Structure formats: structure tokens, C-alpha cells
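Chemist: Provided herewith is a single structure, encoded as C-alpha cells, for subsequent inquiry.
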Amino acid sequence: MRSAQKQETLEVIESLHQAHEEIKEAFMQNNIVLAQKMLAECQEFAISLGESIEKLEGEGHATISCIEEYCETLFHIYEELSDSQINVNKTYKRLKKQLLKVENSVKNDIAARKEVVFFPYKASMWDSLESVWKAVDEDPNCDAYVVPIPYYDKNHDGSLGQMHYEGNEYPKYVPICSYEEYDFEKRKPDVMYIHNPYDNMNFVTSVHPRFYSDNLKKYTDKLVYIPYFILGEIKPDEDEKIEGMKHFCTVPAVFHADKVVVQSEDMKQVYIKVLLDAMEDHTEAVRKYWDAKILGLGSPKIDKVLNTKKEDLEIPPEWLQIIEKPDGSWKKIIFYNTSVSALLQHNEKMLEKMQSVLQDFQDNTDEVALLWRPHPLIKATIESMRPQLWIEYDKLVRQYREEGWGIYDDTSDLDRAIALSDAYYGDGSSVVQLCQEKGIPVLIQNVDVLV
């Protein structure tokens, strides 16, 4: 039985207690007809309650027996009310005693289960929720649901464009529930987890408006936001670095969620500092509010990357052809990461840099295997904001893939790429932090230096 359902059951029992008081009052006023009518209504409520509990907890549950005894007591008292010699107080105590047995059985014999739902949107970002989902899924008192939600490219006028749904791209061990079948408005889950914070504030993509944080908040007791990204660690007194990331702290989900889980205690203090400044309110009450709301518990993304082992990976045969040397040993695998922001900032100059990098790695394929994994939102972003740049970028990608000397990874499995790689090269991004956590050497590319 859900926690909410258990609470509703106890509320029904409380209404029956109140009805007993009214029955007692009716009998004391010698209004036998009213008293009998209310006894009959109590029995109808009790039968309905028993049927509901039986459906949720199964036949033969201890609470059902208590309800049956209560119904028998109601019937006998109904029959006895015509006897003018009936003792009102004694009868009232009989009713109360039987109903208390029902109430105590509900409290003690029925375990309250929590319904917890996860609403990821991009499969490649599932790692930001996975370790939390695993913990919930293993809890015998919780029912966990993973409900991937659709997202859209945005048109130039801000309207929603092409829809994307990646529910079939999650790991096989993750049971997926259709967003069309999971009615959260009706089910009102105890806890909801999200990793998309933007609602309608993202100019490039948007989850379906039904899943905006302000709407989700209406249908749950606890909305939890965990960022899909990892930021470079910042101390609360590093004002210049904070200036470059504070927009991450003032997104809609941070304000609408009941809890926000960030990657470290230092990052928690950074969030609080930014939010106090944004609200122009540094009072102790407001500080305590954000201190209780934001939790520096660490990122599930780090859990995922640390727990992903190279020996456990399923590697595509076409990747192995690039990775393996003729003697069966492996080449050094370099994770080449290109970001959205670098392309937007440097445009054609960044394309020239990428072409230079690819040529250099192609010249060294005897010893090195390149694993190129661009940011998953490059297409949607560049195609929308720099259409001509997208045409040239797409040509570069198609040429690389057709030549087949390197790996092109556009799958949702970032952690596989990190686990396989011996070193990281490319743009600054949240992937850098994950590689550092894994102990992988990192080198950031300089667009002004061509190989």
C-alpha cells in the first residue's frame, strides 16, 4: 500500500470515529432511526475499506479480519438499538474498541510503500540518476519507475519543433515505463526525480511542457532535482569562477524542487551564495531555507563512472577492429570530446582545429585509437543557431565516419567511453571532471594551436 493510500485509509477510520460520536448523540436523543441509518452507513464504509485493502494487500490480511469483526459489531448493535434497555456508553465503547483494532492493524500490519518515479529525458544523461534509482529499486518498501520523457528541438520563434524520444536507448537492466501510460497526475508519486532544470528557458531544446518542474511539483510530496552535468570544482570565495557558472544555479528546477542534490559541499555553498545574491536577500531565514534545500551529497554521475569497469564492457566488433593491434594487444585509446560552446564561440576556426586534430590522429593509427564523442546536443544547437556552420561540421563528421580509421561514439553510454579511454583530449566540459575522478590524464585543446 502506498504511503498516501495508507494515510487516506487512516483518514477514513478517523471519519468512522467521528460517526460513532454522532451515533451516540442520536441514541441519547432517542433518535433510533438516525442512529440505525448511521450504523448502516458505517458498515458500507467499512466494507468498501475492506475491499480496497484486500485488493492492495491480498486475501487473508490481518486487517481484513479486524474489519469483519467491526462489521459484525455494527450489525449486532443495529439489531439491539430497538431495545430500550441498551446501555449507550457500553455500546459506544464496544464500537470504539473494534474500530481501534482496525486502526492499529492498519498502522502496524500494513507496510507503507513509497512510489518513486524518475523522469530522465536524454538516455546519455541517465547516469546522473542511475545510482539513486538502483538504491530505490533495491528498497523493499519502495516501488521505482523509470519514465523517459520526450523532448523537442526548438524553432527559431521559440515554438516546439521535432520531438525526440529515447526510451529504447537505456541499459537493458533498466525497466522502462511509457510516459503515455504513467499518469503522474492521478498516481501522485511520493517522490519525483528530474535532471533537466530548464523548463521553457532553454533556447535549443525543451522537454514536454507537461514535465516542466513547476507542473510536476503540483503532483508530488517531494520533487528532487539532480543536475545532469558535473562542473569543475569551485571554492565559495572564487568569485571570478563563480561568475562563469552562476547561470546553472538560477534555473527553474532549483527554485521549484524540494531538494537539489549537487556534487560537493563546496558546490552547495556556491549555489547558496549565488541564490542569495540573485534574491537580494541575505537574511538568516533565507540562508537556512537554501541550506536545508540544497544537499552537497555528490553526483550519481561520479558513482556511475567509478563503477564502470573496462573488463565488464560489451565492445562493438567494429570498435575492436580499430582498437586492436595485429598481435592482439590494444592501442592507446584517446577520448576526443568536442563541445557545443567551443563551436559557438569559435565557429569556422574551431572546425579548422578539429580537422587538424583528426588528421594528426589519422597519421598515428598504428599506436593510437581515437574515440571521438561530440556533445549529444551539438546537432540540435548548431543546426538551430549556426545553420551554415552545421553544414560544414556535418561534412567533417561524415568524412570521418566514412573513412573508418577512428571510432565515432554517438551512443548514450558516456561511461563506456570513459572506462575504455587511456587519456582525454578536447574541450573543457563536465566530462573533464569525470575523467579526473577516474584518474584519466586530461589535456584541453587550444583552438589557436594547429598541429
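Residues are referred to by chain and number: the chain letter is A, B, ... according to the order shown in the C-alpha cells, the number counts from 1 in that chain, and ligands are numbered separately from 1 in the order shown.
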Going by DSSP on the backbone, which bits of range 237-311 of chain A are alpha helix (DSSP H)? Write them as a PDB file with C-alpha atoms, in the first residue's frame, please.

Modeler:
```pdb
ATOM      1  CA  ASP A 239      34.230  34.984  -7.360  1.00  0.00           C
ATOM      2  CA  GLU A 240      35.629  35.059 -10.895  1.00  0.00           C
ATOM      3  CA  LYS A 241      34.978  31.350 -11.448  1.00  0.00           C
ATOM      4  CA  ILE A 242      31.532  31.629  -9.880  1.00  0.00           C
ATOM      5  CA  GLU A 243      30.630  34.386 -12.330  1.00  0.00           C
ATOM      6  CA  PRO A 252      13.663  26.920 -12.700  1.00  0.00           C
ATOM      7  CA  ALA A 253      14.175  23.454 -11.182  1.00  0.00           C
ATOM      8  CA  VAL A 254      16.372  24.876  -8.415  1.00  0.00           C
ATOM      9  CA  PHE A 255      13.505  27.111  -7.327  1.00  0.00           C
ATOM     10  CA  HIS A 256      10.672  24.592  -7.793  1.00  0.00           C
ATOM     11  CA  GLU A 265      29.764  20.616  -0.158  1.00  0.00           C
ATOM     12  CA  ASP A 266      31.787  23.415  -1.766  1.00  0.00           C
ATOM     13  CA  MET A 267      29.384  23.478  -4.710  1.00  0.00           C
ATOM     14  CA  LYS A 268      26.470  23.642  -2.279  1.00  0.00           C
ATOM     15  CA  GLN A 269      27.964  26.785  -0.731  1.00  0.00           C
ATOM     16  CA  VAL A 270      28.484  28.261  -4.200  1.00  0.00           C
ATOM     17  CA  TYR A 271      24.818  27.646  -5.058  1.00  0.00           C
ATOM     18  CA  ILE A 272      23.696  29.268  -1.814  1.00  0.00           C
ATOM     19  CA  LYS A 273      25.913  32.296  -2.406  1.00  0.00           C
ATOM     20  CA  VAL A 274      24.605  32.784  -5.948  1.00  0.00           C
ATOM     21  CA  LEU A 275      20.969  32.339  -4.897  1.00  0.00           C
ATOM     22  CA  LEU A 276      21.214  34.769  -2.002  1.00  0.00           C
ATOM     23  CA  ASP A 277      22.686  37.355  -4.382  1.00  0.00           C
ATOM     24  CA  ALA A 278      20.038  36.656  -7.023  1.00  0.00           C
ATOM     25  CA  MET A 279      17.237  37.101  -4.480  1.00  0.00           C
ATOM     26  CA  GLU A 284      19.426  34.228   8.148  1.00  0.00           C
ATOM     27  CA  ALA A 285      15.976  32.794   7.423  1.00  0.00           C
ATOM     28  CA  VAL A 286      16.597  32.727   3.666  1.00  0.00           C
ATOM     29  CA  ARG A 287      20.069  31.285   4.150  1.00  0.00           C
ATOM     30  CA  LYS A 288      18.615  28.484   6.312  1.00  0.00           C
ATOM     31  CA  TYR A 289      15.996  27.792   3.635  1.00  0.00           C
ATOM     32  CA  TRP A 290      18.609  27.225   0.930  1.00  0.00           C
ATOM     33  CA  ASP A 291      20.911  25.375   3.313  1.00  0.00           C
ATOM     34  CA  ALA A 292      18.160  22.829   4.002  1.00  0.00           C
ATOM     35  CA  LYS A 293      17.115  22.589   0.352  1.00  0.00           C
ATOM     36  CA  PRO A 300      25.476   9.924  -9.283  1.00  0.00           C
ATOM     37  CA  LYS A 301      27.492  10.549 -12.452  1.00  0.00           C
ATOM     38  CA  ILE A 302      30.651  10.011 -10.429  1.00  0.00           C
ATOM     39  CA  ASP A 303      29.185   6.839  -8.894  1.00  0.00           C
ATOM     40  CA  LYS A 304      28.473   5.531 -12.376  1.00  0.00           C
ATOM     41  CA  VAL A 305      31.871   6.310 -13.887  1.00  0.00           C
ATOM     42  CA  LEU A 306      33.764   4.835 -10.927  1.00  0.00           C
ATOM     43  CA  ASN A 307      31.686   1.645 -11.007  1.00  0.00           C
TER      44      ASN A 307
END
```

Chemist: Residues of range 273-333 of chain A classed as strand (DSSP E) by DSSP on the backbone are to be reported as a list in words.

Modeler: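 Checking each residue of range 273-333 of chain A, the strand (DSSP E) ones are Ile294, Leu295, Lys332 and Ile333 of chain A.
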
Chemist: Could you work out how far CA of Asp366 in chain A lies from CA of Lys349 in chain A, giving the answer in Å with one decimal?

Modeler: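 Between CA of Lys349 in chain A and CA of Asp366 in chain A the gap works out to 28.4 Å.
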
Chemist: Enter the distance from CA of Asp415 in chain A to CA of Gln433 in chain A, in Å, rounded to one decimal.

Modeler: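 About the pair CA of Asp415 in chain A and CA of Gln433 in chain A: they are 12.6 Å apart.
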
Chemist: Can you pull out the residues contacting range 380-392 of chain A? Cut-off 10 Å, using only C-alpha atoms, and skip same-chain residues under 3 positions away; I want them as a ChimeraX atom specification.

Modeler: /A:152-156,162,203-205,340-341,343-344,347-348,351,376-377,395-397

Chemist: Show me, as number ranges by chain, the residues that have an atom within 10 Å of Pro120 in chain A when counting only C-alpha atoms, minus same-chain residues fewer than 4 positions from it.

Modeler: A: 124-130, 146-150, 166-167, 193-196, 207, 228

Chemist: Go ahead and dump the residues you just picked, C-alpha atoms, as a CSV table (one decimal), in the first residue's frame.

Modeler:
```
chain,number,residue,atom,x,y,z
A,124,SER,CA,23.1,9.8,-22.3
A,125,MET,CA,22.3,11.7,-19.2
A,126,TRP,CA,20.7,8.7,-17.3
A,127,ASP,CA,24.0,8.3,-15.4
A,128,SER,CA,23.0,11.4,-13.4
A,129,LEU,CA,20.2,9.4,-11.8
A,130,GLU,CA,21.2,5.7,-12.1
A,146,VAL,CA,11.8,5.0,-14.8
A,147,VAL,CA,9.7,7.1,-17.2
A,148,PRO,CA,11.8,8.6,-20.0
A,149,ILE,CA,10.1,11.7,-21.3
A,150,PRO,CA,10.0,13.3,-24.8
A,166,GLU,CA,15.0,7.9,-26.3
A,167,GLY,CA,13.2,5.3,-24.2
A,193,TYR,CA,13.5,12.9,-9.7
A,194,ILE,CA,14.4,15.0,-12.6
A,195,HIS,CA,17.7,16.1,-14.2
A,196,ASN,CA,16.6,18.7,-16.7
A,207,VAL,CA,11.2,18.7,-22.5
A,228,TYR,CA,22.8,16.1,-15.5
```

Chemist: So what do you get for CA of Tyr336 in chain A versus CA of Asn446 in chain A, distance-wise?

Modeler: 13.1 Å

Chemist: Could you pull the residues within 7 Å of Tyr219 in chain A, counting only C-alpha atoms, minus those fewer than 6 positions along the same chain, as a PDB file with all heavy atoms, in the first residue's frame?

Modeler:
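Result file out.pdb:
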```pdb
ATOM      1  N   PHE A 184       1.089  10.516 -13.850  1.00  0.00           N
ATOM      2  CA  PHE A 184       1.555  11.038 -12.560  1.00  0.00           C
ATOM      3  C   PHE A 184       0.539  11.974 -11.916  1.00  0.00           C
ATOM      4  O   PHE A 184       0.496  12.113 -10.697  1.00  0.00           O
ATOM      5  CB  PHE A 184       2.918  11.734 -12.705  1.00  0.00           C
ATOM      6  CG  PHE A 184       2.909  12.996 -13.527  1.00  0.00           C
ATOM      7  CD1 PHE A 184       2.536  14.213 -12.974  1.00  0.00           C
ATOM      8  CD2 PHE A 184       3.325  12.979 -14.851  1.00  0.00           C
ATOM      9  CE1 PHE A 184       2.540  15.382 -13.720  1.00  0.00           C
ATOM     10  CE2 PHE A 184       3.350  14.140 -15.604  1.00  0.00           C
ATOM     11  CZ  PHE A 184       2.949  15.345 -15.046  1.00  0.00           C
ATOM     12  N   GLU A 185      -0.305  12.612 -12.738  1.00  0.00           N
ATOM     13  CA  GLU A 185      -1.334  13.484 -12.165  1.00  0.00           C
ATOM     14  C   GLU A 185      -2.308  12.669 -11.297  1.00  0.00           C
ATOM     15  O   GLU A 185      -2.770  13.150 -10.261  1.00  0.00           O
ATOM     16  CB  GLU A 185      -2.120  14.200 -13.269  1.00  0.00           C
ATOM     17  CG  GLU A 185      -1.307  15.219 -14.049  1.00  0.00           C
ATOM     18  CD  GLU A 185      -0.748  14.656 -15.340  1.00  0.00           C
ATOM     19  OE1 GLU A 185      -0.625  13.415 -15.429  1.00  0.00           O
ATOM     20  OE2 GLU A 185      -0.427  15.433 -16.244  1.00  0.00           O
ATOM     21  N   LYS A 188       0.104  10.534  -8.335  1.00  0.00           N
ATOM     22  CA  LYS A 188       0.713  11.393  -7.307  1.00  0.00           C
ATOM     23  C   LYS A 188       1.829  10.651  -6.546  1.00  0.00           C
ATOM     24  O   LYS A 188       1.703  10.377  -5.342  1.00  0.00           O
ATOM     25  CB  LYS A 188      -0.343  11.911  -6.333  1.00  0.00           C
ATOM     26  CG  LYS A 188      -1.345  12.874  -6.961  1.00  0.00           C
ATOM     27  CD  LYS A 188      -2.315  13.410  -5.925  1.00  0.00           C
ATOM     28  CE  LYS A 188      -3.214  14.492  -6.508  1.00  0.00           C
ATOM     29  NZ  LYS A 188      -4.041  14.055  -7.631  1.00  0.00           N
TER      30      LYS A 188
END
```

Chemist: Here is a test: counting only C-alpha atoms, which residue of A:Leu371, A:Ile32, A:Val117, A:Leu320 is nearest to Tyr179 in chain A?

Modeler: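 Result for the nearest residue to Tyr179 in chain A: A:Val117.
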
Chemist: Skip range 36-53 of chain A itself and residues of its chain fewer than 4 positions away, then list as a PyMOL selection string all residues within 10 Å of it, counting only C-alpha atoms.

Modeler: chain A and resi 1+5-6+9+12-13+15-17+19-20+22-23+26-27+31-32+57-59+61+63-68+70-75+77-82+99+102+106+110

Chemist: Smallest atom-to-atom distance to His208 in chain A: which of A:Phe361, A:Phe119, A:Tyr92, A:Trp330, using only C-alpha atoms?

Modeler: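 Counting only C-alpha atoms, the residue closest to His208 in chain A is A:Phe119.
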
Chemist: Between A:Arg398, A:Gly406, A:Ser421, A:Tyr393, single out the one closest to Ile333 in chain A, counting only C-alpha atoms.

Modeler: A:Ser421

Chemist: Might you pull out every residue within 12 Å of Ala112 in chain A, with only C-alpha atoms counted and same-chain residues fewer than 2 positions away left off, and present them as a list in words?

Modeler: Met1, Arg2, Ser3, Ala4, Gln5, Lys6, Gln7, Glu8, Thr9, Leu10, Leu56, Glu57, Val106, Lys107, Asn108, Asp109, Ile110, Lys114, Glu115, Pro140, Asn141, Cys142, Asp143 and Asp190 of chain A

Chemist: Write to file, as a tab-separated table (two decimals), in the first residue's frame, the residues of the selection just made, with N, CA, C and O atoms.

Modeler:
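And here's selection-v5.tsv as it stands now:
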```tsv
chain	number	residue	atom	x	y	z
A	1	MET	N	0.85	-1.19	0.00
A	1	MET	CA	0.00	0.00	0.00
A	1	MET	C	0.88	1.24	0.00
A	1	MET	O	1.84	1.33	0.76
A	2	ARG	N	0.55	2.18	-0.88
A	2	ARG	CA	1.28	3.43	-0.93
A	2	ARG	C	1.13	4.21	0.36
A	2	ARG	O	0.12	4.09	1.08
A	3	SER	N	2.12	5.03	0.68
A	3	SER	CA	2.04	5.88	1.87
A	3	SER	C	0.80	6.75	1.85
A	3	SER	O	0.10	6.91	2.86
A	4	ALA	N	0.53	7.32	0.68
A	4	ALA	CA	-0.65	8.19	0.55
A	4	ALA	C	-1.94	7.38	0.75
A	4	ALA	O	-2.90	7.87	1.35
A	5	GLN	N	-1.96	6.16	0.23
A	5	GLN	CA	-3.14	5.31	0.41
A	5	GLN	C	-3.34	4.92	1.87
A	5	GLN	O	-4.47	4.87	2.36
A	6	LYS	N	-2.24	4.66	2.56
A	6	LYS	CA	-2.33	4.33	3.98
A	6	LYS	C	-2.87	5.52	4.76
A	6	LYS	O	-3.73	5.37	5.65
A	7	GLN	N	-2.42	6.71	4.41
A	7	GLN	CA	-2.90	7.90	5.09
A	7	GLN	C	-4.39	8.11	4.81
A	7	GLN	O	-5.16	8.47	5.71
A	8	GLU	N	-4.80	7.88	3.58
A	8	GLU	CA	-6.22	8.01	3.23
A	8	GLU	C	-7.07	6.99	4.01
A	8	GLU	O	-8.18	7.30	4.46
A	9	THR	N	-6.53	5.78	4.18
A	9	THR	CA	-7.23	4.75	4.95
A	9	THR	C	-7.42	5.18	6.39
A	9	THR	O	-8.51	5.02	6.97
A	10	LEU	N	-6.37	5.74	6.97
A	10	LEU	CA	-6.46	6.22	8.36
A	10	LEU	C	-7.44	7.39	8.48
A	10	LEU	O	-8.12	7.53	9.50
A	56	LEU	N	-5.26	-4.37	-2.36
A	56	LEU	CA	-3.88	-3.90	-2.28
A	56	LEU	C	-2.97	-4.88	-1.54
A	56	LEU	O	-1.80	-5.05	-1.90
A	57	GLU	N	-3.51	-5.52	-0.49
A	57	GLU	CA	-2.67	-6.35	0.39
A	57	GLU	C	-2.91	-7.85	0.23
A	57	GLU	O	-2.16	-8.65	0.79
A	106	VAL	N	-4.08	-1.38	10.73
A	106	VAL	CA	-3.63	-0.59	9.57
A	106	VAL	C	-2.25	0.01	9.85
A	106	VAL	O	-1.34	-0.03	9.02
A	107	LYS	N	-2.09	0.55	11.04
A	107	LYS	CA	-0.81	1.19	11.39
A	107	LYS	C	0.33	0.20	11.49
A	107	LYS	O	1.46	0.48	11.06
A	108	ASN	N	0.06	-0.99	12.06
A	108	ASN	CA	1.13	-1.92	12.40
A	108	ASN	C	1.31	-3.08	11.42
A	108	ASN	O	2.41	-3.61	11.28
A	109	ASP	N	0.22	-3.47	10.75
A	109	ASP	CA	0.28	-4.67	9.90
A	109	ASP	C	0.40	-4.34	8.41
A	109	ASP	O	0.63	-5.25	7.60
A	110	ILE	N	0.23	-3.08	8.07
A	110	ILE	CA	0.33	-2.69	6.66
A	110	ILE	C	1.57	-1.81	6.49
A	110	ILE	O	1.66	-0.72	7.08
A	114	LYS	N	6.56	3.49	-0.69
A	114	LYS	CA	6.70	4.75	-1.42
A	114	LYS	C	6.77	4.48	-2.92
A	114	LYS	O	7.40	3.52	-3.36
A	115	GLU	N	6.12	5.32	-3.68
A	115	GLU	CA	6.25	5.27	-5.14
A	115	GLU	C	7.19	6.39	-5.56
A	115	GLU	O	6.94	7.56	-5.28
A	140	PRO	N	12.97	-2.63	-0.33
A	140	PRO	CA	11.73	-3.42	-0.38
A	140	PRO	C	10.47	-2.61	-0.09
A	140	PRO	O	9.36	-3.07	-0.38
A	141	ASN	N	10.63	-1.43	0.46
A	141	ASN	CA	9.47	-0.59	0.77
A	141	ASN	C	9.21	0.49	-0.27
A	141	ASN	O	8.45	1.43	-0.03
A	142	CYS	N	9.87	0.37	-1.42
A	142	CYS	CA	9.70	1.36	-2.49
A	142	CYS	C	9.36	0.68	-3.81
A	142	CYS	O	9.82	-0.42	-4.09
A	143	ASP	N	8.55	1.37	-4.61
A	143	ASP	CA	8.28	0.97	-5.99
A	143	ASP	C	8.89	2.04	-6.89
A	143	ASP	O	8.48	3.20	-6.84
A	190	ASP	N	5.13	9.62	-4.43
A	190	ASP	CA	5.69	10.24	-3.23
A	190	ASP	C	6.89	11.12	-3.56
A	190	ASP	O	7.07	12.19	-2.97
```

Chemist: When you count only C-alpha atoms, which of these residues is closest to Gly426 in chain A: A:Ile407, A:Leu95, A:Ala62, A:Met354?

Modeler: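 Going through A:Ile407, A:Leu95, A:Ala62, A:Met354 one by one, the smallest distance to Gly426 in chain A is for A:Met354.
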
Chemist: Counting only C-alpha atoms, figure out which residue out of A:Asp221, A:Glu14, A:Asp327, A:Glu233 gets nearest to Lys96 in chain A.

Modeler: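 Once distances to Lys96 in chain A are computed over only C-alpha atoms, the minimum belongs to A:Glu14.
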